[in-house]
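Data file: my_file_4.csv. Format and content: CSV, C-alpha atoms.
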chain,number,residue,atom,x,y,z
P,402,MET,CA,85.0,313.5,139.3
P,403,LEU,CA,87.3,313.5,136.4
P,404,LEU,CA,88.4,310.1,134.9
P,405,GLU,CA,91.4,309.9,132.6
P,406,PHE,CA,92.0,306.7,130.6
P,407,THR,CA,95.7,305.9,130.3
P,408,LYS,CA,95.5,302.5,128.7
P,409,VAL,CA,92.8,300.4,127.2
P,410,TYR,CA,93.0,296.6,126.8
P,411,PRO,CA,90.3,295.3,124.4
P,412,VAL,CA,89.4,291.6,124.9
P,413,PHE,CA,87.4,289.7,122.2
P,414,SER,CA,85.9,286.3,122.3
P,415,TRP,CA,84.4,284.3,119.4
P,416,SER,CA,82.6,281.1,118.7
P,417,TRP,CA,81.2,279.4,115.7
P,418,ASP,CA,77.7,280.5,114.7
P,419,ILE,CA,76.1,277.1,114.4
P,420,CYS,CA,72.5,278.4,114.4
P,421,GLY,CA,70.7,278.2,111.1
P,422,ASP,CA,67.7,280.5,110.2
P,423,ASP,CA,65.2,278.0,111.7
P,424,ASN,CA,67.3,277.0,114.7
P,425,PRO,CA,67.4,279.5,117.6
P,426,PRO,CA,70.4,279.3,119.9
P,427,LYS,CA,70.0,276.8,122.7
P,428,GLU,CA,71.0,277.1,126.3
P,429,ASN,CA,73.8,274.6,127.1
P,430,GLU,CA,72.6,272.3,129.8
P,431,GLY,CA,75.0,270.8,132.3
P,432,GLY,CA,77.6,273.5,131.7
P,433,GLU,CA,79.9,271.2,129.7
P,434,GLU,CA,81.4,272.6,126.6
P,435,ASP,CA,80.1,271.1,123.3
P,436,VAL,CA,82.8,268.8,121.7
P,437,CYS,CA,83.2,267.3,118.3
P,438,GLY,CA,81.9,263.8,118.5
P,439,ILE,CA,84.9,262.4,116.6
P,440,CYS,CA,88.0,264.0,118.2
P,441,ARG,CA,86.2,265.2,121.5
P,442,VAL,CA,87.8,268.6,121.3
P,443,SER,CA,85.6,271.7,121.8
P,444,TYR,CA,83.8,273.1,118.7
P,445,ASN,CA,85.9,276.3,119.1
P,446,GLY,CA,89.1,274.3,119.4
P,447,THR,CA,90.9,272.4,116.6
P,448,CYS,CA,91.0,268.9,115.2
P,449,PRO,CA,94.0,266.8,116.3
P,450,SER,CA,96.0,267.8,113.1
P,451,CYS,CA,95.6,271.6,113.3
P,452,LYS,CA,97.3,274.1,115.5
P,453,PHE,CA,95.1,277.2,115.2
P,454,PRO,CA,91.4,277.4,115.8
P,455,GLY,CA,89.1,279.4,113.5
P,456,ASP,CA,89.2,279.6,109.8
P,457,ASP,CA,92.1,277.1,109.5
P,458,CYS,CA,90.0,274.4,111.2
P,459,PRO,CA,86.3,275.2,110.5
P,460,LEU,CA,83.2,273.6,112.1
P,461,VAL,CA,80.3,272.2,110.0
P,462,VAL,CA,76.7,271.7,110.9
P,463,GLY,CA,75.0,268.5,109.8
P,464,ASP,CA,71.4,268.3,108.5
P,465,CYS,CA,70.9,266.0,111.6
P,466,ASN,CA,72.1,268.9,113.8
P,467,HIS,CA,75.4,267.1,114.7
P,468,ASN,CA,78.4,269.3,114.4
P,469,PHE,CA,82.0,268.3,113.6
P,470,HIS,CA,85.3,269.9,112.7
P,471,VAL,CA,85.3,269.7,108.9
P,472,HIS,CA,88.7,267.8,109.0
P,473,CYS,CA,87.3,265.2,111.4
P,474,ILE,CA,84.0,264.5,109.5
P,475,GLN,CA,85.9,264.5,106.2
P,476,GLN,CA,88.4,261.8,107.5
P,477,TRP,CA,85.5,259.8,108.8
P,478,LEU,CA,83.4,260.0,105.6
P,479,ASP,CA,86.6,259.1,103.7
P,480,THR,CA,86.8,255.6,105.3
P,481,SER,CA,85.0,252.8,103.5
P,482,THR,CA,83.2,251.8,106.7
P,483,ALA,CA,81.6,255.2,107.2
P,484,LYS,CA,79.2,254.5,104.3
P,485,GLY,CA,78.5,258.3,104.2
P,486,LEU,CA,76.7,258.2,107.6
P,487,CYS,CA,76.8,260.5,110.6
P,488,PRO,CA,78.8,258.9,113.4
P,489,MET,CA,76.3,260.1,116.0
P,490,CYS,CA,72.9,259.1,114.5
P,491,ARG,CA,73.8,257.0,111.4
P,492,GLN,CA,71.7,259.1,109.1
P,493,PRO,CA,73.3,259.9,105.7
P,494,PHE,CA,75.4,262.9,106.5
P,495,SER,CA,74.9,266.2,104.7
P,496,LEU,CA,75.5,269.8,105.4
P,497,LYS,CA,72.6,271.9,106.7
P,498,ARG,CA,71.4,274.6,104.3
P,499,GLY,CA,71.1,278.2,105.5
P,500,VAL,CA,74.0,278.0,108.0
P,501,ALA,CA,76.6,280.6,107.1
P,502,ILE,CA,79.7,278.5,108.2
P,503,ASN,CA,78.6,275.6,106.0
P,504,GLU,CA,78.5,277.6,102.8
P,505,CYS,CA,82.2,277.5,101.9
P,506,GLN,CA,82.4,273.7,102.7
P,507,MET,CA,79.5,272.6,100.5
P,508,ASP,CA,81.6,271.7,97.4
P,509,ARG,CA,84.2,269.8,99.4
P,510,LEU,CA,81.6,267.6,101.3
P,511,ALA,CA,79.4,267.1,98.2
P,512,LYS,CA,82.4,265.5,96.4
P,513,LEU,CA,83.0,263.3,99.3
P,514,LEU,CA,79.5,262.1,99.6
P,515,ILE,CA,79.3,261.0,96.0
P,516,HIS,CA,82.5,259.1,96.7
P,517,ALA,CA,81.1,257.6,99.9
P,518,GLN,CA,77.9,256.1,98.4
P,519,PRO,CA,77.5,252.4,99.1
P,520,PRO,CA,78.9,250.5,96.1
P,521,GLY,CA,75.6,248.6,95.3
P,522,LEU,CA,73.5,251.7,95.0
P,523,SER,CA,74.4,252.8,91.5
P,524,ASP,CA,73.8,249.2,90.2
P,525,ASP,CA,70.3,249.2,91.7
P,526,GLN,CA,69.6,252.6,90.2
P,527,ASP,CA,70.6,251.2,86.8
P,528,LEU,CA,68.3,248.2,87.4
P,529,MET,CA,65.4,250.4,88.3
P,530,MET,CA,65.9,252.5,85.2
P,531,GLU,CA,65.9,249.3,83.1
P,532,GLN,CA,62.7,248.1,84.7
P,533,GLU,CA,61.0,251.4,84.1
P,534,PHE,CA,62.1,251.1,80.5
P,535,VAL,CA,60.5,247.7,80.2
P,536,VAL,CA,57.2,248.8,81.7
P,537,ARG,CA,57.0,251.6,79.2
K,1142,MET,CA,96.2,260.7,119.9
K,1143,SER,CA,94.9,263.6,122.0
K,1144,ARG,CA,91.5,261.9,122.1
K,1145,LEU,CA,93.0,259.0,124.0
K,1146,VAL,CA,94.4,261.3,126.6
K,1147,LYS,CA,91.0,262.9,127.0
K,1148,GLU,CA,89.4,259.5,127.3
K,1149,TYR,CA,92.0,258.4,129.9
K,1150,VAL,CA,91.1,261.4,132.1
K,1151,LYS,CA,87.4,260.9,131.6
K,1152,ILE,CA,87.6,257.2,132.3
K,1153,ALA,CA,89.5,257.7,135.5
K,1154,ASP,CA,86.8,260.1,136.7
K,1155,ALA,CA,83.9,257.8,135.6
K,1156,LEU,CA,85.4,254.7,137.3
K,1157,LYS,CA,85.7,256.6,140.5
K,1158,ASN,CA,82.5,258.5,140.6
K,1159,ASP,CA,79.9,257.0,138.3
K,1160,PRO,CA,78.0,254.0,139.7
K,1161,THR,CA,76.9,253.0,136.2
K,1162,PHE,CA,80.4,251.7,135.6
K,1163,SER,CA,81.1,250.2,139.1
K,1164,HIS,CA,81.5,246.7,137.4
K,1165,ILE,CA,84.6,248.0,135.6
K,1166,LEU,CA,87.3,247.6,138.2
K,1167,THR,CA,90.2,248.9,136.0
K,1168,LEU,CA,90.5,250.4,132.6
K,1169,ALA,CA,93.8,252.0,131.8
K,1170,PRO,CA,96.9,251.9,129.6
K,1171,VAL,CA,99.3,249.1,130.5
K,1172,SER,CA,102.0,251.8,130.8
K,1173,ASP,CA,101.7,255.6,130.7
K,1174,GLU,CA,104.3,255.6,127.9
K,1175,ASN,CA,102.2,253.7,125.5
K,1176,LEU,CA,98.6,254.6,125.0
K,1177,HIS,CA,98.1,252.0,122.3
K,1178,LYS,CA,97.9,249.1,124.7
K,1179,TRP,CA,95.3,249.1,127.4
K,1180,GLU,CA,93.8,246.5,129.8
K,1181,ALA,CA,90.6,246.3,131.7
K,1182,THR,CA,89.2,244.1,134.5
K,1183,LEU,CA,85.5,243.4,134.8
K,1184,THR,CA,83.4,241.7,137.5
K,1185,GLY,CA,80.9,239.1,136.3
K,1186,PRO,CA,77.4,240.5,136.1
K,1187,PRO,CA,75.2,239.6,139.2
K,1188,GLU,CA,72.6,236.9,138.8
K,1189,THR,CA,74.7,235.2,136.1
K,1190,ALA,CA,77.0,232.2,136.1
K,1191,TYR,CA,79.9,234.8,135.9
K,1192,ASN,CA,79.0,236.4,139.2
K,1193,GLY,CA,82.0,236.4,141.6
K,1194,HIS,CA,84.6,236.0,138.9
K,1195,LYS,CA,86.9,238.6,137.4
K,1196,PHE,CA,87.7,238.9,133.7
K,1197,ASN,CA,90.7,240.5,132.1
K,1198,LEU,CA,90.4,242.3,128.7
K,1199,GLN,CA,93.3,243.1,126.4
K,1200,ILE,CA,92.8,246.2,124.3
K,1201,ASP,CA,94.9,247.2,121.3
K,1202,ILE,CA,94.4,250.6,119.7
K,1203,ASP,CA,96.0,251.6,116.4
K,1204,ASP,CA,96.7,255.0,115.0
K,1205,GLU,CA,93.4,255.0,113.1
K,1206,TYR,CA,91.4,255.1,116.3
K,1207,PRO,CA,88.7,256.6,116.6
K,1208,LEU,CA,88.0,256.1,112.9
K,1209,LYS,CA,88.5,252.4,113.3
K,1210,PRO,CA,87.4,250.4,116.4
K,1211,PRO,CA,89.8,249.2,119.1
K,1212,ARG,CA,90.7,245.5,119.2
K,1213,VAL,CA,89.4,244.0,122.4
K,1214,GLN,CA,89.8,240.4,123.6
K,1215,PHE,CA,89.4,238.5,126.8
K,1216,GLN,CA,92.6,237.0,128.2
K,1217,PRO,CA,92.8,233.6,126.4
K,1218,GLN,CA,91.0,230.7,128.0
K,1219,THR,CA,89.3,232.7,130.7
K,1220,ALA,CA,85.9,233.5,129.4
K,1221,PRO,CA,83.5,230.7,128.5
K,1222,HIS,CA,80.7,232.5,126.6
K,1223,CYS,CA,78.8,231.8,123.5
K,1224,ASN,CA,80.1,234.9,121.7
K,1225,VAL,CA,83.8,234.4,122.8
K,1226,GLU,CA,86.3,232.0,121.2
K,1227,PHE,CA,87.5,230.4,124.4
K,1228,ASP,CA,91.1,229.6,123.4
K,1229,SER,CA,91.9,233.0,121.9
K,1230,GLY,CA,89.5,235.2,123.8
K,1231,ARG,CA,88.2,236.7,120.6
K,1232,ILE,CA,84.9,238.5,121.0
K,1233,CYS,CA,82.0,238.6,118.5
K,1234,LEU,CA,80.3,241.9,119.1
K,1235,ASP,CA,79.0,244.0,116.2
K,1236,LEU,CA,80.2,247.4,117.6
K,1237,LEU,CA,83.8,246.1,117.7
K,1238,GLU,CA,83.7,245.4,113.9
K,1239,ALA,CA,84.8,248.0,111.5
K,1240,ASN,CA,81.5,247.9,109.6
K,1241,HIS,CA,79.4,248.7,112.6
K,1242,TRP,CA,81.8,250.9,114.5
K,1243,SER,CA,81.3,254.7,114.9
K,1244,PRO,CA,83.7,257.2,116.4
K,1245,ALA,CA,80.7,258.2,118.7
K,1246,TRP,CA,81.7,255.2,120.8
K,1247,ASP,CA,84.6,255.3,123.2
K,1248,LEU,CA,86.6,252.8,125.2
K,1249,LEU,CA,84.5,253.1,128.3
K,1250,HIS,CA,81.3,252.2,126.4
K,1251,CYS,CA,83.0,249.4,124.5
K,1252,ILE,CA,84.0,247.8,127.8
K,1253,HIS,CA,80.5,248.4,129.2
K,1254,ALA,CA,79.0,246.7,126.1
K,1255,ILE,CA,81.2,243.7,126.6
K,1256,TRP,CA,80.0,243.5,130.2
K,1257,LEU,CA,76.4,243.6,129.0
K,1258,LEU,CA,77.3,240.9,126.5
K,1259,LEU,CA,78.4,238.6,129.3
K,1260,ALA,CA,74.9,238.8,130.8
K,1261,ASN,CA,73.1,238.6,127.4
K,1262,PRO,CA,74.6,235.8,125.2
K,1263,GLU,CA,73.6,236.2,121.6
K,1264,PRO,CA,73.3,232.6,120.2
K,1265,ASP,CA,72.8,233.7,116.6
K,1266,SER,CA,76.4,234.7,116.0
K,1267,PRO,CA,78.2,232.1,118.2
K,1268,LEU,CA,81.9,231.5,118.6
K,1269,ASP,CA,81.3,228.7,121.1
K,1270,ILE,CA,78.8,226.2,119.6
K,1271,ASP,CA,78.2,224.2,122.7
K,1272,LEU,CA,77.2,227.1,124.8
K,1273,ALA,CA,75.2,228.7,122.0
K,1274,CYS,CA,73.2,225.4,121.5
K,1275,LEU,CA,72.3,225.4,125.2
K,1276,VAL,CA,71.1,229.1,125.0
K,1277,ARG,CA,69.2,228.4,121.8
K,1278,ALA,CA,67.5,225.4,123.6
K,1279,LYS,CA,66.8,227.7,126.5
K,1280,ASP,CA,68.4,225.2,128.8
K,1281,TYR,CA,69.9,227.9,131.1
K,1282,THR,CA,70.5,225.5,133.9
K,1283,ALA,CA,72.9,223.4,131.7
K,1284,HIS,CA,74.4,226.6,130.2
K,1285,ASP,CA,75.2,228.1,133.6
K,1286,ALA,CA,76.5,224.8,134.9
K,1287,LEU,CA,78.8,224.4,131.9
K,1288,VAL,CA,80.0,228.0,132.3
K,1289,LYS,CA,80.7,227.5,135.9
K,1290,TYR,CA,82.5,224.3,135.2
K,1291,TYR,CA,84.9,226.0,132.8
K,1292,LEU,CA,85.3,229.0,135.1
K,1293,ASN,CA,86.4,226.7,137.8
K,1294,GLY,CA,89.1,225.2,135.6
K,1295,GLY,CA,87.1,222.3,134.0
K,1296,SER,CA,88.7,220.7,131.0
K,1297,ARG,CA,87.6,221.9,127.5
K,1298,GLY,CA,87.4,218.4,125.8
K,1299,PRO,CA,89.8,215.9,124.1
K,1300,ALA,CA,92.4,218.4,122.9
K,1301,THR,CA,93.2,219.6,126.4
K,1302,ARG,CA,92.6,216.2,128.0
K,1303,SER,CA,95.2,214.4,125.9
K,1304,LYS,CA,98.0,216.7,127.1
K,1305,ARG,CA,97.6,215.4,130.6

As a first step, turn the structure in this file into structure tokens.
Amino acid sequence: MLLEFTKVYPVFSWSWDICGDDNPPKENEGGEEDVCGICRVSYNGTCPSCKFPGDDCPLVVGDCNHNFHVHCIQQWLDTSTAKGLCPMCRQPFSLKRGVAINECQMDRLAKLLIHAQPPGLSDDQDLMMEQEFVVR
Amino acid sequence: MSRLVKEYVKIADALKNDPTFSHILTLAPVSDENLHKWEATLTGPPETAYNGHKFNLQIDIDDEYPLKPPRVQFQPQTAPHCNVEFDSGRICLDLLEANHWSPAWDLLHCIHAIWLLLANPEPDSPLDIDLACLVRAKDYTAHDALVKYYLNGGSRGPATRSKR
């Protein structure tokens, strides 16, 4: 039999690679799509203020393994009531190392976290340093 | 805003199919044109003084939701409870305060938490001193009797009485 191709329609699909080196891909139980805990839109979708998914509205992976659209988590960490904590588990939120999609967001989030530290903390640190000084 | 639309769909499904939320009779926007104003109806938890009564909640959601909590209140003068200000319906519940709120919560779970609060009065942060004192003294018979008295239209003391 001789086959002749007249037209070819390539179809591509993509999704964020949220698996770090030490974190093998998990089977999704329940068949429900994973959604951002803040806006409840799929990881591969966009935050409410963006139109196009992908590089315009990236996903980030937390150290605590909770993932968010970078715009969503940024907005949350920017509120005074967030206190720099992950909305899901209330651990201090930081980006997981060794995950490719986090790399270009590191600077952006680091700035925010310094900003989001609870106000009393720096005073306490000063106090501790003074005490150390006295002991010496 | 799109998150509220998603919640609306999810809530409609949960109220119909999930027995966990069978005590929530309604939870929906007052009108489909305005998703900022919602209302809910709860049944009183079984084996409490609230059993057999229905409670209406008024929910205001501003543009900052879900970064800020929704504002939820009982309909004024309908909910005698040690963590509710009877005259205004204001509720003292930590997850509804900006400092304890997290966007991981949603409307359905807020309303569920309020239902749980009805069955579990927390006398250490009271908005109704009389009821809180009775809970603190573990005099649940008197507490339940007082709650029932108010639920059945009993007077709330001199201020109300003098109007008659």

Item checked: Contact residues (chain K, partner chain P, 7 Å, all atoms listed in the file) as a list in words -> Ser1143, Arg1144, Pro1207, Leu1208, Ala1239, Asn1240, Ser1243, Pro1244 and Ala1245 of chain K

Radius query 8 Å about (86.4, 243.2, 119.3), atoms used: all atoms listed in the file, as a PDB file with C-alpha atoms, keeping the file's coordinate frame:
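As a result, result_22.pdb now contains:
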ATOM      1  CA  PRO K1210      87.400 250.400 116.400  1.00  0.00           C
ATOM      2  CA  PRO K1211      89.800 249.200 119.100  1.00  0.00           C
ATOM      3  CA  ARG K1212      90.700 245.500 119.200  1.00  0.00           C
ATOM      4  CA  VAL K1213      89.400 244.000 122.400  1.00  0.00           C
ATOM      5  CA  GLN K1214      89.800 240.400 123.600  1.00  0.00           C
ATOM      6  CA  ARG K1231      88.200 236.700 120.600  1.00  0.00           C
ATOM      7  CA  ILE K1232      84.900 238.500 121.000  1.00  0.00           C
ATOM      8  CA  CYS K1233      82.000 238.600 118.500  1.00  0.00           C
ATOM      9  CA  LEU K1234      80.300 241.900 119.100  1.00  0.00           C
ATOM     10  CA  LEU K1236      80.200 247.400 117.600  1.00  0.00           C
ATOM     11  CA  LEU K1237      83.800 246.100 117.700  1.00  0.00           C
ATOM     12  CA  GLU K1238      83.700 245.400 113.900  1.00  0.00           C
TER      13      GLU K1238
END

Margin query: Tell me which residues come within 12 Å of (91.2, 239.4, 124.5), as a PyMOL selection string, counting only C-alpha atoms in the file's coordinates.
Written below: chain K and resi 1178-1182+1196-1201+1211-1220+1225-1233+1252+1255

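Note that atom CA of P:Lys452 and atom CA of P:Asn468 are 19.5 Å apart.
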
Checklist line | Residue among P:Ser443, P:Arg498, P:Glu405, P:Gln475 lying closest to P:Gly455, counting all atoms listed in the file | finding: P:Ser443

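Taking atom CA of P:Val462 and atom CA of P:Asp508 as endpoints, the distance between them is 14.4 Å.
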
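Distance-wise, atom CA of P:Cys458 and atom CA of K:Asp1204 end up 20.9 Å apart.
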
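Among the candidates K:Asn1175, K:Asn1261, K:Thr1167, K:Thr1184, the residue lying nearest to K:Cys1223 is K:Asn1261 (atoms considered: all atoms listed in the file).
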
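The residue that comes closest to P:His467, out of P:Ala511, P:Ile419, P:Val412, P:Ala501 and on the basis of all atoms listed in the file, is P:Ile419.
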